[in-house]
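Raw run_25.tsv, TSV, C-alpha atoms and all ligand atoms:
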```tsv
chain	number	residue	atom	x	y	z
A	95	MET	CA	-23.34	12.28	17.78
A	96	TYR	CA	-19.65	13.18	17.76
A	97	GLU	CA	-18.86	14.62	21.10
A	98	THR	CA	-15.23	13.53	21.19
A	99	GLU	CA	-12.60	13.79	23.84
A	100	VAL	CA	-10.04	16.46	23.19
A	101	GLU	CA	-6.60	15.73	24.45
A	102	ASN	CA	-5.29	18.53	26.57
A	103	LYS	CA	-1.54	18.28	26.06
A	104	SER	CA	-0.44	21.12	28.36
A	105	ASN	CA	-2.56	19.74	31.11
A	106	GLU	CA	-1.68	16.12	30.67
A	107	ASP	CA	-0.09	15.64	34.05
A	108	SER	CA	-2.77	17.34	36.06
A	109	LYS	CA	-5.63	15.85	34.07
A	110	LYS	CA	-5.90	12.08	34.14
A	111	VAL	CA	-5.92	10.54	30.66
A	112	SER	CA	-9.06	8.46	30.23
A	113	GLU	CA	-8.84	4.73	29.58
A	114	PHE	CA	-10.32	5.33	26.15
A	115	MET	CA	-7.57	7.81	25.35
A	116	ARG	CA	-4.87	5.55	26.83
A	117	ILE	CA	-5.78	2.69	24.50
A	118	GLN	CA	-6.24	5.07	21.57
A	119	LYS	CA	-2.70	6.35	22.13
A	120	LEU	CA	-1.23	2.86	21.86
A	121	PHE	CA	-1.98	3.09	18.14
A	122	ARG	CA	-0.45	6.50	17.62
A	123	GLN	CA	2.85	6.28	15.82
A	124	GLU	CA	5.63	8.79	16.46
A	125	THR	CA	5.87	10.82	13.27
A	126	ARG	CA	8.53	13.28	14.50
A	127	ASN	CA	11.84	12.65	16.23
A	128	GLN	CA	13.08	14.41	19.39
A	129	TYR	CA	14.24	17.37	17.29
A	130	GLY	CA	10.81	17.80	15.73
A	131	LYS	CA	11.94	16.41	12.40
A	132	GLN	CA	9.55	14.30	10.35
A	133	ILE	CA	10.42	10.57	10.48
A	134	PRO	CA	10.02	8.93	7.03
A	135	LYS	CA	7.19	6.39	6.97
A	136	ASP	CA	9.46	3.38	6.55
A	137	LYS	CA	11.65	4.45	9.50
A	138	ARG	CA	8.82	4.82	12.03
A	139	LYS	CA	8.65	2.38	14.91
A	140	PRO	CA	6.14	-0.32	13.90
A	141	LEU	CA	3.00	-0.56	16.01
A	142	ASP	CA	2.23	-3.65	18.04
A	143	TYR	CA	-1.17	-5.01	17.02
A	144	SER	CA	-1.01	-8.15	19.17
A	145	ILE	CA	-3.70	-6.93	21.60
A	146	VAL	CA	-6.18	-6.29	18.77
A	147	LEU	CA	-9.02	-8.79	18.66
A	148	ASP	CA	-9.37	-10.45	15.24
A	149	PHE	CA	-12.66	-12.10	14.30
A	150	HIS	CA	-10.99	-13.40	11.10
A	151	ASN	CA	-8.44	-15.50	12.95
A	152	ILE	CA	-10.13	-16.72	16.11
A	153	GLU	CA	-7.36	-19.12	17.11
A	154	GLY	CA	-4.66	-16.49	16.50
A	155	ASN	CA	-6.01	-14.21	19.24
A	156	ILE	CA	-4.30	-13.69	22.58
A	157	LYS	CA	-6.08	-15.65	25.32
A	158	GLU	CA	-7.86	-12.60	26.84
A	159	ASN	CA	-9.42	-11.80	23.46
A	160	ARG	CA	-10.18	-15.40	22.56
A	161	ASP	CA	-12.21	-15.59	25.79
A	162	LEU	CA	-14.31	-12.60	24.72
A	163	ILE	CA	-15.45	-14.11	21.41
A	164	ILE	CA	-18.84	-15.83	21.33
A	165	ASP	CA	-19.80	-17.91	18.31
A	166	CYS	CA	-23.43	-16.96	17.59
A	167	CYS	CA	-23.87	-18.85	14.30
A	168	GLU	CA	-26.24	-21.34	15.91
A	169	ASN	CA	-28.57	-18.91	17.66
A	170	VAL	CA	-29.18	-16.38	14.90
A	171	THR	CA	-32.01	-16.73	12.42
A	172	LYS	CA	-30.33	-16.38	9.06
A	173	ASN	CA	-32.65	-18.91	7.45
A	174	GLN	CA	-35.56	-16.46	7.61
A	175	ILE	CA	-33.86	-14.08	5.20
A	176	ASP	CA	-35.06	-14.18	1.64
A	177	PHE	CA	-32.11	-14.07	-0.71
A	178	ASN	CA	-31.96	-13.26	-4.39
A	179	LYS	CA	-28.71	-14.46	-5.94
A	180	GLU	CA	-29.15	-12.19	-8.95
A	181	THR	CA	-29.77	-8.90	-7.21
A	182	ASP	CA	-28.46	-9.08	-3.66
A	183	PHE	CA	-25.02	-7.64	-3.05
A	184	TYR	CA	-23.83	-10.16	-0.45
A	185	LEU	CA	-23.40	-13.90	-0.13
A	186	GLU	CA	-26.25	-16.13	0.90
A	187	PRO	CA	-27.08	-15.38	4.56
A	188	SER	CA	-26.95	-19.07	5.58
A	189	GLN	CA	-23.19	-18.85	4.92
A	190	TRP	CA	-22.62	-15.83	7.16
A	191	GLU	CA	-20.58	-16.28	10.30
A	192	VAL	CA	-21.86	-14.27	13.27
A	193	TYR	CA	-19.87	-13.55	16.43
A	194	GLY	CA	-20.70	-11.77	19.66
A	195	LEU	CA	-18.53	-10.11	22.28
A	196	LYS	CA	-18.67	-11.13	25.95
A	197	GLY	CA	-20.10	-8.34	28.09
A	198	TYR	CA	-21.84	-6.72	25.12
A	199	PRO	CA	-25.15	-8.49	24.52
A	200	GLY	CA	-26.56	-7.02	21.29
A	201	PHE	CA	-23.14	-6.51	19.69
A	202	TYR	CA	-22.52	-8.70	16.65
A	203	PHE	CA	-19.71	-9.01	14.14
A	204	ILE	CA	-20.14	-10.61	10.72
A	205	PRO	CA	-16.78	-11.19	8.98
A	206	SER	CA	-17.20	-10.02	5.39
A	207	PRO	CA	-20.16	-11.67	3.65
A	208	PHE	CA	-19.28	-9.83	0.41
A	209	THR	CA	-17.42	-11.03	-2.67
A	210	ASP	CA	-14.79	-8.71	-4.13
A	211	ARG	CA	-17.24	-7.65	-6.83
A	212	GLN	CA	-19.89	-6.77	-4.23
A	213	GLN	CA	-17.38	-4.79	-2.14
A	214	LYS	CA	-16.53	-2.72	-5.19
A	215	LYS	CA	-20.23	-1.99	-5.74
A	216	TRP	CA	-20.58	-0.37	-2.28
A	217	VAL	CA	-17.36	1.64	-2.75
A	218	LYS	CA	-18.63	2.82	-6.13
A	219	ASP	CA	-21.98	3.85	-4.68
A	220	ALA	CA	-20.32	5.69	-1.79
A	221	LEU	CA	-18.10	7.67	-4.14
A	222	GLU	CA	-20.42	8.16	-7.09
A	223	ILE	CA	-23.82	8.50	-5.41
A	224	TYR	CA	-23.64	8.98	-1.64
A	225	ALA	CA	-21.04	11.79	-1.83
A	226	ASN	CA	-23.06	13.72	-4.43
A	227	PRO	CA	-26.02	16.10	-3.98
A	228	PRO	CA	-28.71	16.00	-2.76
A	229	ASN	CA	-26.83	14.33	0.12
A	230	SER	CA	-24.95	16.57	2.48
A	231	THR	CA	-21.19	16.32	2.95
A	232	ASN	CA	-18.55	18.09	5.06
A	233	LEU	CA	-17.63	20.03	1.89
A	234	VAL	CA	-21.00	21.79	1.57
A	235	PRO	CA	-20.51	24.59	4.16
A	236	PHE	CA	-17.17	25.50	2.59
A	237	PHE	CA	-17.59	24.82	-1.11
A	238	GLY	CA	-21.35	24.61	-1.65
A	239	LYS	CA	-22.89	21.53	-3.24
A	240	VAL	CA	-20.29	19.90	-5.47
A	241	ASP	CA	-21.82	18.01	-8.38
A	242	ASN	CA	-20.26	14.81	-9.67
A	243	LEU	CA	-17.29	14.95	-7.33
A	244	TRP	CA	-15.83	11.53	-8.12
A	245	GLN	CA	-16.89	11.61	-11.78
A	246	ASN	CA	-14.90	14.83	-12.31
A	247	ALA	CA	-12.00	13.88	-10.04
A	248	VAL	CA	-11.45	10.65	-11.94
A	249	ARG	CA	-10.89	12.58	-15.15
A	250	GLU	CA	-8.18	14.55	-13.38
A	251	ILE	CA	-6.70	11.38	-11.86
A	252	ARG	CA	-6.66	9.75	-15.29
A	253	GLY	CA	-5.03	12.86	-16.67
A	254	ASP	CA	-7.53	13.23	-19.51
A	255	LYS	CA	-5.64	15.61	-21.74
A	256	ASP	CA	-8.10	16.03	-24.54
A	257	ILE	CA	-10.94	17.16	-22.32
A	258	SER	CA	-10.38	20.35	-20.39
A	259	ILE	CA	-12.08	19.94	-17.06
A	260	PRO	CA	-13.53	23.23	-15.85
A	261	ARG	CA	-12.49	24.02	-12.31
A	262	PRO	CA	-15.31	23.58	-9.80
A	263	LEU	CA	-16.95	26.79	-8.59
A	264	ASP	CA	-17.98	27.78	-5.10
A	265	LYS	CA	-21.33	29.34	-4.13
A	266	ASN	CA	-20.13	32.76	-5.29
A	267	GLY	CA	-18.87	31.51	-8.63
A	268	LYS	CA	-15.23	31.66	-7.52
A	269	GLU	CA	-12.92	28.98	-8.90
A	270	LEU	CA	-12.06	26.20	-6.48
A	271	PRO	CA	-9.02	23.92	-6.43
A	272	THR	CA	-9.22	20.74	-8.45
A	273	TYR	CA	-11.94	18.15	-7.95
A	274	ARG	CA	-9.17	15.82	-6.90
A	275	SER	CA	-8.17	18.06	-4.01
A	276	LEU	CA	-11.82	18.45	-2.99
A	277	LEU	CA	-12.15	14.67	-2.99
A	278	ASP	CA	-9.16	14.50	-0.65
A	279	LYS	CA	-11.03	16.78	1.75
A	280	LEU	CA	-14.16	14.62	1.78
A	281	THR	CA	-14.60	13.08	5.24
A	282	TRP	CA	-18.32	12.38	5.52
A	283	ALA	CA	-21.66	12.33	3.75
A	284	THR	CA	-25.10	11.87	5.32
A	285	LEU	CA	-28.04	10.00	3.81
A	286	GLY	CA	-31.75	9.98	4.64
A	287	TYR	CA	-32.66	12.16	7.62
A	288	GLN	CA	-29.79	14.63	7.63
A	289	TYR	CA	-27.98	14.86	10.91
A	290	GLN	CA	-27.30	18.46	11.99
A	291	TRP	CA	-23.89	18.25	13.64
A	292	THR	CA	-23.99	21.48	15.65
A	293	PRO	CA	-27.39	21.26	17.36
A	294	ARG	CA	-26.88	17.44	17.37
A	295	VAL	CA	-30.34	16.62	16.09
A	296	TYR	CA	-31.90	15.10	13.01
A	297	SER	CA	-33.65	17.51	10.76
A	298	GLU	CA	-37.15	16.63	9.59
A	299	GLU	CA	-36.86	19.43	7.08
A	300	PHE	CA	-33.75	18.07	5.34
A	301	HIS	CA	-34.63	14.58	4.40
A	302	GLU	CA	-33.34	12.70	1.36
A	303	LYS	CA	-34.31	9.29	0.09
A	304	MET	CA	-32.31	6.38	1.53
A	305	PRO	CA	-30.80	4.02	-1.09
A	306	GLU	CA	-33.17	1.03	-1.35
A	307	ASP	CA	-30.43	-1.61	-1.66
A	308	LEU	CA	-28.68	-0.30	1.46
A	309	LYS	CA	-31.98	-0.32	3.37
A	310	ASP	CA	-32.60	-3.85	2.19
A	311	LEU	CA	-29.16	-5.08	3.20
A	312	VAL	CA	-29.38	-3.72	6.74
A	313	ARG	CA	-32.97	-4.91	7.12
A	314	LYS	CA	-31.74	-8.44	6.48
A	315	ILE	CA	-28.79	-8.04	8.85
A	316	ALA	CA	-31.32	-6.95	11.47
A	317	ILE	CA	-33.35	-10.10	10.84
A	318	ALA	CA	-30.23	-12.25	11.28
A	319	THR	CA	-29.44	-10.61	14.61
A	320	GLN	CA	-33.08	-10.47	15.81
A	321	PHE	CA	-33.39	-6.70	15.67
A	322	ASP	CA	-36.15	-6.70	13.08
A	323	PRO	CA	-38.23	-4.85	12.12
A	324	TYR	CA	-35.54	-2.29	11.27
A	325	THR	CA	-35.94	0.68	8.97
A	326	ALA	CA	-32.74	2.52	8.10
A	327	GLU	CA	-33.77	6.18	8.09
A	328	ALA	CA	-30.35	7.81	8.23
A	329	ALA	CA	-26.79	6.88	7.44
A	330	THR	CA	-23.36	8.40	7.87
A	331	VAL	CA	-20.71	7.58	5.29
A	332	ASN	CA	-17.19	8.12	6.63
A	333	PHE	CA	-14.19	8.52	4.34
A	334	TYR	CA	-10.90	7.79	6.12
A	335	SER	CA	-7.33	7.92	4.89
A	336	GLU	CA	-4.00	6.85	6.37
A	337	ASP	CA	-3.82	9.41	9.16
A	338	SER	CA	-7.51	9.59	10.07
A	339	ILE	CA	-8.81	8.66	13.47
A	340	MET	CA	-12.27	9.01	15.03
A	341	GLY	CA	-12.22	10.00	18.69
A	342	GLY	CA	-14.33	8.20	21.28
A	343	HIS	CA	-17.96	9.22	21.01
A	344	LEU	CA	-21.54	8.14	21.64
A	345	ASP	CA	-24.23	8.09	18.98
A	346	ASP	CA	-27.23	9.09	21.02
A	347	ALA	CA	-29.17	11.58	18.91
A	348	GLU	CA	-31.68	9.01	17.68
A	349	GLU	CA	-35.09	8.81	19.34
A	350	GLU	CA	-34.95	5.05	18.75
A	351	MET	CA	-32.00	3.66	20.71
A	352	GLU	CA	-33.26	0.07	20.98
A	353	LYS	CA	-32.39	-0.56	17.34
A	354	PRO	CA	-28.72	-1.04	16.48
A	355	ILE	CA	-26.30	0.95	14.41
A	356	ILE	CA	-25.41	-1.30	11.50
A	357	SER	CA	-22.07	-0.57	9.95
A	358	ILE	CA	-20.26	-1.87	6.85
A	359	SER	CA	-16.69	-0.97	5.91
A	360	PHE	CA	-14.53	-1.31	2.82
A	361	GLY	CA	-10.90	-0.75	1.92
A	362	SER	CA	-8.13	-0.65	4.51
A	363	THR	CA	-8.38	-2.27	7.93
A	364	ALA	CA	-9.27	-0.18	10.99
A	365	VAL	CA	-8.50	-0.67	14.66
A	366	PHE	CA	-11.90	0.03	16.17
A	367	LEU	CA	-12.28	0.64	19.90
A	368	MET	CA	-15.39	-0.73	21.60
A	369	GLY	CA	-15.57	1.05	24.93
A	370	GLY	CA	-18.04	1.33	27.78
A	371	GLU	CA	-20.71	3.75	29.01
A	372	ASN	CA	-18.01	6.19	30.06
A	373	ARG	CA	-14.47	6.89	28.94
A	374	ASP	CA	-12.94	5.33	32.04
A	375	ILE	CA	-13.95	1.86	30.97
A	376	THR	CA	-11.09	0.24	29.05
A	377	PRO	CA	-12.13	-0.24	25.40
A	378	ILE	CA	-11.55	-3.45	23.46
A	379	PRO	CA	-9.52	-2.86	20.28
A	380	LEU	CA	-10.72	-4.97	17.32
A	381	PHE	CA	-9.90	-5.16	13.63
A	382	ILE	CA	-12.57	-4.18	11.11
A	383	LYS	CA	-11.49	-5.39	7.68
A	384	SER	CA	-12.87	-4.80	4.22
A	385	GLY	CA	-16.43	-6.06	3.96
A	386	ASP	CA	-16.94	-6.64	7.69
A	387	ILE	CA	-20.28	-5.82	9.30
A	388	VAL	CA	-20.57	-4.50	12.86
A	389	ILE	CA	-23.94	-4.40	14.61
A	390	MET	CA	-23.99	-2.16	17.67
A	391	GLY	CA	-27.18	-2.94	19.53
A	392	GLY	CA	-28.07	-3.64	23.15
A	393	ARG	CA	-25.48	-2.35	25.60
A	394	SER	CA	-23.02	-1.40	22.85
A	395	ARG	CA	-25.56	1.12	21.46
A	396	TYR	CA	-24.91	3.21	24.59
A	397	CYS	CA	-21.12	2.80	24.63
A	398	TYR	CA	-18.21	4.97	23.57
A	399	HIS	CA	-16.46	3.85	20.42
A	400	GLY	CA	-14.06	5.21	17.82
A	401	VAL	CA	-11.35	4.41	15.31
A	402	ALA	CA	-7.81	4.47	16.71
A	403	LYS	CA	-5.90	3.64	13.56
A	404	ILE	CA	-6.13	2.84	9.88
A	405	VAL	CA	-3.68	-0.01	9.48
A	406	GLU	CA	-0.86	0.74	7.06
A	407	ASN	CA	-0.64	-1.41	3.90
A	408	SER	CA	-3.75	-3.37	4.83
A	409	PHE	CA	-5.51	-2.97	1.50
A	410	ASN	CA	-6.29	-6.28	-0.20
A	411	ASP	CA	-4.49	-6.06	-3.57
A	412	GLN	CA	-6.85	-8.59	-5.05
A	413	LEU	CA	-9.44	-5.79	-5.23
A	414	LEU	CA	-7.22	-4.01	-7.78
A	415	GLN	CA	-7.97	-6.65	-10.41
A	416	ASP	CA	-10.95	-5.66	-12.50
A	417	GLN	CA	-12.11	-5.60	-16.10
A	418	ASN	CA	-13.34	-2.07	-15.71
A	419	GLU	CA	-10.78	0.75	-15.80
A	420	GLU	CA	-12.78	3.09	-13.59
A	421	THR	CA	-13.13	0.41	-10.92
A	422	ARG	CA	-9.37	-0.17	-11.06
A	423	ILE	CA	-8.79	3.57	-10.55
A	424	GLN	CA	-11.24	3.62	-7.64
A	425	MET	CA	-9.47	0.71	-5.96
A	426	GLN	CA	-6.02	2.19	-6.58
A	427	TRP	CA	-7.28	5.47	-5.06
A	428	ILE	CA	-8.33	3.55	-1.94
A	429	LYS	CA	-5.01	1.70	-1.77
A	430	ASP	CA	-2.82	4.77	-2.37
A	431	LYS	CA	-3.56	6.46	0.93
A	432	ASN	CA	-4.79	3.45	2.92
A	433	ARG	CA	-8.30	4.76	2.52
A	434	ARG	CA	-11.36	3.24	4.15
A	435	ILE	CA	-15.08	3.83	3.61
A	436	ASN	CA	-17.52	3.14	6.42
A	437	ILE	CA	-21.29	3.30	5.96
A	438	ASN	CA	-23.39	3.12	9.12
A	439	THR	CA	-27.17	3.21	9.36
A	440	ARG	CA	-29.62	4.12	12.07
A	441	GLN	CA	-33.35	3.89	12.60
A	442	VAL	CA	-34.07	7.40	13.89
A	443	PHE	CA	-37.69	7.23	15.04
A	444	LYS	CA	-39.55	4.68	17.15
A	445	VAL	CA	-42.29	4.65	14.55
A	446	PRO	CA	-40.34	4.93	11.31
A	447	LYS	CA	-41.35	7.95	9.25
A	448	SER	CA	-39.82	6.77	6.00
J	501	LIG	O1	-15.78	3.99	11.05
J	501	LIG	C1	-16.29	3.29	11.90
J	501	LIG	O2	-16.13	2.06	11.93
J	501	LIG	C2	-17.14	3.93	13.00
J	501	LIG	C3	-17.91	5.12	12.58
J	501	LIG	C4	-18.76	5.70	13.67
J	501	LIG	O3	-18.66	5.33	14.81
J	501	LIG	C5	-19.77	6.73	13.35
J	501	LIG	O4	-19.85	7.19	12.20
J	501	LIG	O5	-20.52	7.12	14.26
J	502	FE	FE	-20.29	6.12	16.03
```
Starting from the file, give its structure as structure tokens.
Amino acid sequence: MYETEVENKSNEDSKKVSEFMRIQKLFRQETRNQYGKQIPKDKRKPLDYSIVLDFHNIEGNIKENRDLIIDCCENVTKNQIDFNKETDFYLEPSQWEVYGLKGYPGFYFIPSPFTDRQQKKWVKDALEIYANPPNSTNLVPFFGKVDNLWQNAVREIRGDKDISIPRPLDKNGKELPTYRSLLDKLTWATLGYQYQWTPRVYSEEFHEKMPEDLKDLVRKIAIATQFDPYTAEAATVNFYSEDSIMGGHLDDAEEEMEKPIISISFGSTAVFLMGGENRDITPIPLFIKSGDIVIMGGRSRYCYHGVAKIVENSFNDQLLQDQNEETRIQMQWIKDKNRRININTRQVFKVPKS
């Protein structure tokens, strides 16, 4: 999955920088001055986002980007989706907007079909369920399985004085730093068929149950974009913060490549790069905002992509308002470091096994 390009600084002149890397670098802010001194955040040169395609403000796009946007609302089949107002965590599909991207048949973008309340539900599940055992996370090889990561971290964040929170233990029973610091180190969790990052294969042996509501959501998105039947058998949950990027990569470990990757994101805005079949094709930068859905099928399923930037101060403050204290803490935690949570699903096998 993540075979990313490594920038070779010493060799930069002799080695041509790929187009993917060139565009990625446009969103890299200078953090140190010529003397190597850290530049305070508010003194850094602001980035220019004018070339970033925005599906939320079609008319506001530069002409080149405007010409790439295809309105697909008419030719998708949203009316075939059964919708239960009481239990479904998204707005009625007939209200969804669906856009395509010229040159990428099979790529679709649905600007957020979630209410604020529904967005908070997916963030809560990512933090309180998806990042906990039995699912695997990047923490496991270093710290063993960490139970109730968010649930314990929140007590530290809240500064609960009357309850002494035992420090988490590693596999050998040695005390670990706080849950809060472990939470800061969380970068990914995997659901369903567990992807083995080193051999780059899915393991049939390590298989956890996929969350039913997530499966149901993406099944309906697949109906809307004519990729049904679609069974989400695996998912990656990515946890980004202000300085995170994801280098250009292909997701090609799935036996079934005709079915799309369906991706939902919450929290801060990302500049996502939609590239081509190799890194020398210039990628299109586009904003993914909180609640947006990206469907990478057709050609885009075989194309390089990545995240060039998490946009500073892009968190929607409206999400901070909530009756529930824990939800408010969760949203403040996302806002504090421009965090972003991305959940993307894949059908792994041609004949689904789950
Ligand atoms: O965060 C995103 O929007 C993209 C994530 C991604 O490409 C991946 O997990 O393979
Ligand atoms: Fe990817």
Could you pull the residues within 12 Å of region 177-181 of chain A, counting only C-alpha atoms, minus those fewer than 4 positions along the same chain, as an mmCIF file with C-alpha atoms, keeping the file's coordinate frame?
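Saved file result-v7.cif follows:
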```
data_model
loop_
_atom_site.group_PDB
_atom_site.id
_atom_site.type_symbol
_atom_site.label_atom_id
_atom_site.label_comp_id
_atom_site.auth_asym_id
_atom_site.auth_seq_id
_atom_site.Cartn_x
_atom_site.Cartn_y
_atom_site.Cartn_z
ATOM 1 C CA LYS A 172 -30.330 -16.380 9.060
ATOM 2 C CA ASN A 173 -32.650 -18.910 7.450
ATOM 3 C CA LEU A 185 -23.400 -13.900 -0.130
ATOM 4 C CA GLU A 186 -26.250 -16.130 0.900
ATOM 5 C CA PRO A 187 -27.080 -15.380 4.560
ATOM 6 C CA SER A 188 -26.950 -19.070 5.580
ATOM 7 C CA GLN A 189 -23.190 -18.850 4.920
ATOM 8 C CA GLN A 212 -19.890 -6.770 -4.230
ATOM 9 C CA LYS A 215 -20.230 -1.990 -5.740
ATOM 10 C CA ASP A 307 -30.430 -1.610 -1.660
ATOM 11 C CA ASP A 310 -32.600 -3.850 2.190
ATOM 12 C CA LEU A 311 -29.160 -5.080 3.200
ATOM 13 C CA LYS A 314 -31.740 -8.440 6.480
ATOM 14 C CA ILE A 315 -28.790 -8.040 8.850
#
```
Neighbours of ligand LIG 501 (chain J) within 8 Å, counting all atoms listed in the file, as a ChimeraX atom specification? /A:95-96,330-332,334,340,343-345,357-359,364,366,382,388,399-401,435-438
What's the separation between CA of Gln441 (chain A) and CA of Ala326 (chain A), in Å to one decimal place?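 Rounded to one decimal, the two atoms are 4.7 Å apart.
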List every protein, DNA or RNA residue with an atom no more than 7 Å from (-18.4, 9.8, 0.0) in the file's coordinates, counting only C-alpha atoms, and format the result as a list in words.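 The residues that fall inside the cut-off are Ala220, Leu221, Tyr224, Ala225, Leu280, Trp282, Ala283, Val331, Asn332 and Phe333 of chain A.
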Which is closer to Tyr273 (chain A) than all the others in A:Tyr296, A:Phe183, A:Val240, A:Gln290, using all atoms listed in the file?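 Answer, going by the shortest atom-to-atom distance: A:Val240.
Across A:Asp264, A:Asp148, A:Asp416, A:Asp278, the tightest approach to Trp244 (chain A) is made by A:Asp278 when counting only C-alpha atoms.
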Between CA of Gln118 (chain A) and CA of Ile145 (chain A), what is the distance, to one decimal in Å?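 Atom-to-atom, CA of Gln118 (chain A) and CA of Ile145 (chain A) are spaced 12.3 Å apart.
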I need the residue nearest Pro323 (chain A) from this list: A:Pro446, A:Pro293, A:Gly342, A:Gly267. Use only C-alpha atoms for the distance.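 Using only C-alpha atoms, Pro323 (chain A) sits closest to A:Pro446.
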With distances taken over only C-alpha atoms, which residue among A:Tyr398, A:Tyr289, A:Trp190, A:Tyr129 lies nearest Phe208 (chain A)? A:Trp190
Reconstruct N, CA and C atoms of region 160-180 of chain A; output as a JSON list (two decimals), in the frame of the given file.
```json
[["chain", "number", "residue", "atom", "x", "y", "z"],
["A", 160, "ARG", "N", -9.52, -14.15, 22.96],
["A", 160, "ARG", "CA", -10.18, -15.40, 22.56],
["A", 160, "ARG", "C", -11.37, -15.65, 23.50],
["A", 161, "ASP", "N", -11.16, -15.36, 24.79],
["A", 161, "ASP", "CA", -12.21, -15.59, 25.79],
["A", 161, "ASP", "C", -13.39, -14.64, 25.64],
["A", 162, "LEU", "N", -13.21, -13.57, 24.89],
["A", 162, "LEU", "CA", -14.31, -12.60, 24.72],
["A", 162, "LEU", "C", -15.22, -12.95, 23.54],
["A", 163, "ILE", "N", -14.72, -13.84, 22.66],
["A", 163, "ILE", "CA", -15.45, -14.11, 21.41],
["A", 163, "ILE", "C", -16.51, -15.19, 21.63],
["A", 164, "ILE", "N", -17.74, -14.87, 21.21],
["A", 164, "ILE", "CA", -18.84, -15.83, 21.33],
["A", 164, "ILE", "C", -19.29, -16.20, 19.92],
["A", 165, "ASP", "N", -19.32, -17.47, 19.63],
["A", 165, "ASP", "CA", -19.80, -17.91, 18.31],
["A", 165, "ASP", "C", -21.33, -17.93, 18.34],
["A", 166, "CYS", "N", -21.96, -17.07, 17.55],
["A", 166, "CYS", "CA", -23.43, -16.96, 17.59],
["A", 166, "CYS", "C", -24.09, -17.61, 16.38],
["A", 167, "CYS", "N", -23.31, -18.31, 15.55],
["A", 167, "CYS", "CA", -23.87, -18.85, 14.30],
["A", 167, "CYS", "C", -25.13, -19.67, 14.55],
["A", 168, "GLU", "N", -25.13, -20.43, 15.65],
["A", 168, "GLU", "CA", -26.24, -21.34, 15.91],
["A", 168, "GLU", "C", -27.51, -20.60, 16.33],
["A", 169, "ASN", "N", -27.36, -19.53, 17.11],
["A", 169, "ASN", "CA", -28.57, -18.91, 17.66],
["A", 169, "ASN", "C", -29.04, -17.66, 16.92],
["A", 170, "VAL", "N", -28.61, -17.46, 15.70],
["A", 170, "VAL", "CA", -29.18, -16.38, 14.90],
["A", 170, "VAL", "C", -30.06, -17.00, 13.82],
["A", 171, "THR", "N", -30.93, -16.18, 13.25],
["A", 171, "THR", "CA", -32.01, -16.73, 12.42],
["A", 171, "THR", "C", -31.81, -16.41, 10.95],
["A", 172, "LYS", "N", -30.66, -16.76, 10.43],
["A", 172, "LYS", "CA", -30.33, -16.38, 9.06],
["A", 172, "LYS", "C", -31.24, -17.05, 8.03],
["A", 173, "ASN", "N", -31.82, -18.19, 8.44],
["A", 173, "ASN", "CA", -32.65, -18.91, 7.45],
["A", 173, "ASN", "C", -33.97, -18.21, 7.13],
["A", 174, "GLN", "N", -34.31, -17.17, 7.91],
["A", 174, "GLN", "CA", -35.56, -16.46, 7.61],
["A", 174, "GLN", "C", -35.37, -15.31, 6.60],
["A", 175, "ILE", "N", -34.15, -15.20, 6.10],
["A", 175, "ILE", "CA", -33.86, -14.08, 5.20],
["A", 175, "ILE", "C", -34.05, -14.54, 3.76],
["A", 176, "ASP", "N", -34.93, -13.82, 3.04],
["A", 176, "ASP", "CA", -35.06, -14.18, 1.64],
["A", 176, "ASP", "C", -33.86, -13.63, 0.87],
["A", 177, "PHE", "N", -33.37, -14.41, -0.05],
["A", 177, "PHE", "CA", -32.11, -14.07, -0.71],
["A", 177, "PHE", "C", -32.26, -14.23, -2.21],
["A", 178, "ASN", "N", -31.89, -13.20, -2.94],
["A", 178, "ASN", "CA", -31.96, -13.26, -4.39],
["A", 178, "ASN", "C", -30.55, -13.19, -4.96],
["A", 179, "LYS", "N", -30.09, -14.32, -5.46],
["A", 179, "LYS", "CA", -28.71, -14.46, -5.94],
["A", 179, "LYS", "C", -28.38, -13.43, -7.04],
["A", 180, "GLU", "N", -29.40, -13.08, -7.81],
["A", 180, "GLU", "CA", -29.15, -12.19, -8.95],
["A", 180, "GLU", "C", -28.98, -10.74, -8.53]]
```
